[in-house]
Amino acid sequence: MANLKVGSKGSAVTALQNALNKAGAKPKLVADGAFGKKTAEAVKAFQKKSGLKADGIAGKATMAALGGGSGGGSAVGSSGGGSKTAPIKWTIEEPDRLVRNVQDELRNTRGYDRLYDELSRGTSKAERDLFDEYHYHRSVHNQVGERLRDAVKYLVQLRQKFRKVEGSDPKAAKRILADAKAAYDEYNELMTRWAECITGMQSVNKRYQKLPA
């Protein structure tokens, strides 16, 4: 069906408004079948909550995330008598891409083991201080790296489970997608911490290179 946006009217808009109310729209919408400013704001709020582009336009991804269902039992986007639930779509970044991101970051740290060895043999106070700082960043980097690998592995497993049910069991697909979104949020937090550790190690390296021979 066509995208629903400001100015759209009809039963499809009514179904959308009912579905938004069911999803917790605040303030609650009047299901009058007219897509106005309040409906657009409710769509944006739902899109933000669901990790979608918040443009206020109810397209395929938004309809799928809503999962369908108005008060009368019709799914969002269904036509005429009979009930039809819109399929749930995977709306976050693909796990194989996340795997590549982790691999790229690992490549960025090549050569840092050599720096660690050099600093560990340092005898001056400046070298020992740099070693302590570097050791901290390296330890946290390794710990976060392990958690990142576990997070990506879990996301790969969820993606595989989702593929098995996305066309046949919308409720199960929705549950899996919710778990995947939580895991994806954790992945992003870990990637931020990982990048901070790498920045810290790079800073130590620059200061080490400036030490008198």
# chains A, B, ... in the order shown; residues from 1 in each chain; ligands from 1
$ residues_around --residues "A:Val30" --least-positions-apart "3" --cutoff "10 Å" --atoms "only C-alpha atoms" --output "PyMOL selection string"
chain A and resi 14+17-18+21+27+33-34+38-39
$ write_last_selection --atoms "N, CA and C atoms" --output "PDB file, in the first residue's frame"
ATOM      1  N   THR A  14      -7.239   5.301   9.725  1.00  0.00           N
ATOM      2  CA  THR A  14      -7.924   4.923  10.966  1.00  0.00           C
ATOM      3  C   THR A  14      -7.230   3.738  11.618  1.00  0.00           C
ATOM      4  N   GLN A  17      -3.993   4.882  13.147  1.00  0.00           N
ATOM      5  CA  GLN A  17      -4.203   5.618  14.400  1.00  0.00           C
ATOM      6  C   GLN A  17      -4.533   4.667  15.544  1.00  0.00           C
ATOM      7  N   ASN A  18      -5.345   3.663  15.276  1.00  0.00           N
ATOM      8  CA  ASN A  18      -5.664   2.668  16.309  1.00  0.00           C
ATOM      9  C   ASN A  18      -4.413   1.898  16.730  1.00  0.00           C
ATOM     10  N   ASN A  21      -2.242   4.082  18.903  1.00  0.00           N
ATOM     11  CA  ASN A  21      -2.813   4.137  20.251  1.00  0.00           C
ATOM     12  C   ASN A  21      -2.482   2.866  21.032  1.00  0.00           C
ATOM     13  N   PRO A  27      -0.243  12.259  23.274  1.00  0.00           N
ATOM     14  CA  PRO A  27      -1.606  11.956  23.725  1.00  0.00           C
ATOM     15  C   PRO A  27      -2.292  10.971  22.793  1.00  0.00           C
ATOM     16  N   GLY A  33      -9.523   8.849  10.876  1.00  0.00           N
ATOM     17  CA  GLY A  33      -9.190   8.571   9.480  1.00  0.00           C
ATOM     18  C   GLY A  33      -8.545   9.725   8.746  1.00  0.00           C
ATOM     19  N   ALA A  34      -8.170  10.784   9.470  1.00  0.00           N
ATOM     20  CA  ALA A  34      -7.530  11.947   8.846  1.00  0.00           C
ATOM     21  C   ALA A  34      -6.107  12.079   9.404  1.00  0.00           C
ATOM     22  N   LYS A  38      -1.055  15.791  14.606  1.00  0.00           N
ATOM     23  CA  LYS A  38      -0.955  14.938  15.801  1.00  0.00           C
ATOM     24  C   LYS A  38      -0.595  13.495  15.431  1.00  0.00           C
ATOM     25  N   THR A  39      -1.174  13.026  14.334  1.00  0.00           N
ATOM     26  CA  THR A  39      -0.849  11.668  13.881  1.00  0.00           C
ATOM     27  C   THR A  39       0.599  11.593  13.431  1.00  0.00           C
TER      28      THR A  39
END
$ residues_around --residues "A:Leu158" --least-positions-apart "6" --cutoff "12 Å" --atoms "only C-alpha atoms" --output "JSON list (two decimals) with C-alpha atoms, in the first residue's frame"
[["chain", "number", "residue", "atom", "x", "y", "z"],
["A", 90, "TRP", "CA", 14.60, -6.61, 10.44],
["A", 92, "ILE", "CA", 18.76, -2.78, 12.50],
["A", 94, "GLU", "CA", 23.05, -6.52, 9.53],
["A", 95, "PRO", "CA", 25.32, -8.55, 11.87],
["A", 151, "ALA", "CA", 27.61, -9.38, 21.39],
["A", 152, "VAL", "CA", 28.17, -9.82, 17.64],
["A", 164, "LYS", "CA", 13.18, -18.68, 10.37],
["A", 165, "VAL", "CA", 10.04, -16.98, 11.73],
["A", 166, "GLU", "CA", 9.75, -13.60, 9.97],
["A", 172, "ALA", "CA", 8.06, -14.46, 17.69],
["A", 173, "ALA", "CA", 9.73, -12.20, 15.12],
["A", 174, "LYS", "CA", 8.81, -9.13, 17.15],
["A", 175, "ARG", "CA", 10.25, -10.64, 20.34],
["A", 176, "ILE", "CA", 13.48, -11.58, 18.59],
["A", 177, "LEU", "CA", 13.76, -8.12, 17.05],
["A", 178, "ALA", "CA", 13.32, -6.50, 20.48],
["A", 179, "ASP", "CA", 16.17, -8.66, 21.84],
["A", 180, "ALA", "CA", 18.29, -7.76, 18.82],
["A", 181, "LYS", "CA", 17.72, -4.02, 19.34],
["A", 182, "ALA", "CA", 18.86, -4.31, 22.96],
["A", 183, "ALA", "CA", 21.94, -6.28, 21.86],
["A", 184, "TYR", "CA", 22.63, -3.71, 19.13]]
$ residues_around --residues "A:Gly122" --least-positions-apart "5" --cutoff "12 Å" --atoms "only C-alpha atoms" --output "PDB file with N, CA, C and O atoms, in the first residue's frame"
ATOM      1  N   LEU A 115      54.738  -2.163  20.891  1.00  0.00           N
ATOM      2  CA  LEU A 115      54.884  -0.988  21.744  1.00  0.00           C
ATOM      3  C   LEU A 115      54.798  -1.390  23.212  1.00  0.00           C
ATOM      4  O   LEU A 115      55.546  -0.874  24.051  1.00  0.00           O
ATOM      5  N   TYR A 116      53.891  -2.309  23.520  1.00  0.00           N
ATOM      6  CA  TYR A 116      53.741  -2.779  24.904  1.00  0.00           C
ATOM      7  C   TYR A 116      55.049  -3.384  25.402  1.00  0.00           C
ATOM      8  O   TYR A 116      55.495  -3.116  26.524  1.00  0.00           O
ATOM      9  N   ASP A 117      55.688  -4.201  24.540  1.00  0.00           N
ATOM     10  CA  ASP A 117      56.956  -4.833  24.916  1.00  0.00           C
ATOM     11  C   ASP A 117      58.051  -3.791  25.138  1.00  0.00           C
ATOM     12  O   ASP A 117      58.834  -3.889  26.081  1.00  0.00           O
ATOM     13  N   GLU A 127      58.924   6.527  31.109  1.00  0.00           N
ATOM     14  CA  GLU A 127      58.574   5.286  30.415  1.00  0.00           C
ATOM     15  C   GLU A 127      57.683   4.396  31.282  1.00  0.00           C
ATOM     16  O   GLU A 127      56.732   3.784  30.783  1.00  0.00           O
ATOM     17  N   ARG A 128      57.979   4.337  32.571  1.00  0.00           N
ATOM     18  CA  ARG A 128      57.154   3.507  33.469  1.00  0.00           C
ATOM     19  C   ARG A 128      55.743   4.074  33.593  1.00  0.00           C
ATOM     20  O   ARG A 128      54.761   3.325  33.630  1.00  0.00           O
ATOM     21  N   ASP A 129      55.643   5.397  33.644  1.00  0.00           N
ATOM     22  CA  ASP A 129      54.310   6.027  33.714  1.00  0.00           C
ATOM     23  C   ASP A 129      53.512   5.741  32.449  1.00  0.00           C
ATOM     24  O   ASP A 129      52.310   5.443  32.508  1.00  0.00           O
ATOM     25  N   LEU A 130      54.196   5.840  31.306  1.00  0.00           N
ATOM     26  CA  LEU A 130      53.520   5.555  30.032  1.00  0.00           C
ATOM     27  C   LEU A 130      53.117   4.086  29.956  1.00  0.00           C
ATOM     28  O   LEU A 130      52.045   3.749  29.445  1.00  0.00           O
ATOM     29  N   PHE A 131      53.968   3.210  30.489  1.00  0.00           N
ATOM     30  CA  PHE A 131      53.643   1.782  30.487  1.00  0.00           C
ATOM     31  C   PHE A 131      52.385   1.521  31.318  1.00  0.00           C
ATOM     32  O   PHE A 131      51.504   0.764  30.900  1.00  0.00           O
ATOM     33  N   ASP A 132      52.299   2.122  32.499  1.00  0.00           N
ATOM     34  CA  ASP A 132      51.122   1.928  33.362  1.00  0.00           C
ATOM     35  C   ASP A 132      49.851   2.403  32.657  1.00  0.00           C
ATOM     36  O   ASP A 132      48.812   1.725  32.708  1.00  0.00           O
ATOM     37  N   TYR A 208      55.370   8.562  23.666  1.00  0.00           N
ATOM     38  CA  TYR A 208      56.551   7.717  23.776  1.00  0.00           C
ATOM     39  C   TYR A 208      57.564   8.082  22.688  1.00  0.00           C
ATOM     40  O   TYR A 208      58.774   8.110  22.946  1.00  0.00           O
ATOM     41  N   LEU A 211      59.829  10.969  23.555  1.00  0.00           N
ATOM     42  CA  LEU A 211      60.783  10.876  24.655  1.00  0.00           C
ATOM     43  C   LEU A 211      62.215  10.911  24.116  1.00  0.00           C
ATOM     44  O   LEU A 211      62.491  10.378  23.039  1.00  0.00           O
ATOM     45  N   ALA A 213      65.906   9.906  23.334  1.00  0.00           N
ATOM     46  CA  ALA A 213      66.486   8.564  23.147  1.00  0.00           C
ATOM     47  C   ALA A 213      67.501   8.266  24.247  1.00  0.00           C
ATOM     48  O   ALA A 213      68.168   9.165  24.748  1.00  0.00           O
TER      49      ALA A 213
END
$ residues_around --residues "A:His141" --least-positions-apart "4" --cutoff "12 Å" --atoms "only C-alpha atoms" --output "number ranges by chain"
A: 105-106, 109, 112, 134-137, 145-148, 190-201
$ atom_distance --atom1 "atom CA of A:Arg159" --atom2 "atom CA of A:Gln47"
20.9 Å
$ closest_residue --among "A:Val204, A:Val99, A:Val6, A:Ala126" --to "A:Lys37" --atoms "only C-alpha atoms"
A:Val6
$ residues_around --residues "A:Ala54" --least-positions-apart "4" --cutoff "9 Å" --atoms "only C-alpha atoms" --output "PyMOL selection string"
chain A and resi 43-48
$ closest_residue --among "A:Lys53, A:Phe162, A:Arg100, A:Leu66" --to "A:Leu16" --atoms "only C-alpha atoms"
A:Leu66
$ atom_distance --atom1 "atom CA of A:Ala64" --atom2 "atom CA of A:Ile88"
4.8 Å
$ closest_residue --among "A:Arg121, A:Lys171, A:Arg149, A:Lys210" --to "A:Glu186" --atoms "only C-alpha atoms"
A:Arg149
$ closest_residue --among "A:Met63, A:Lys22, A:Gly7, A:Tyr154" --to "A:Lys89" --atoms "only C-alpha atoms"
A:Met63
$ atom_distance --atom1 "atom CA of A:Ala40" --atom2 "atom CA of A:Gly24"
14.4 Å
$ select_by_dssp --residues "stretch 3-212 of chain A" --states "strand (DSSP E or B)" --output "PyMOL selection string"
chain A and resi 4+9+34+58
$ closest_residue --among "A:Gly10, A:Gly51, A:Gly167, A:Pro212" --to "A:Glu93" --atoms "only C-alpha atoms"
A:Gly51
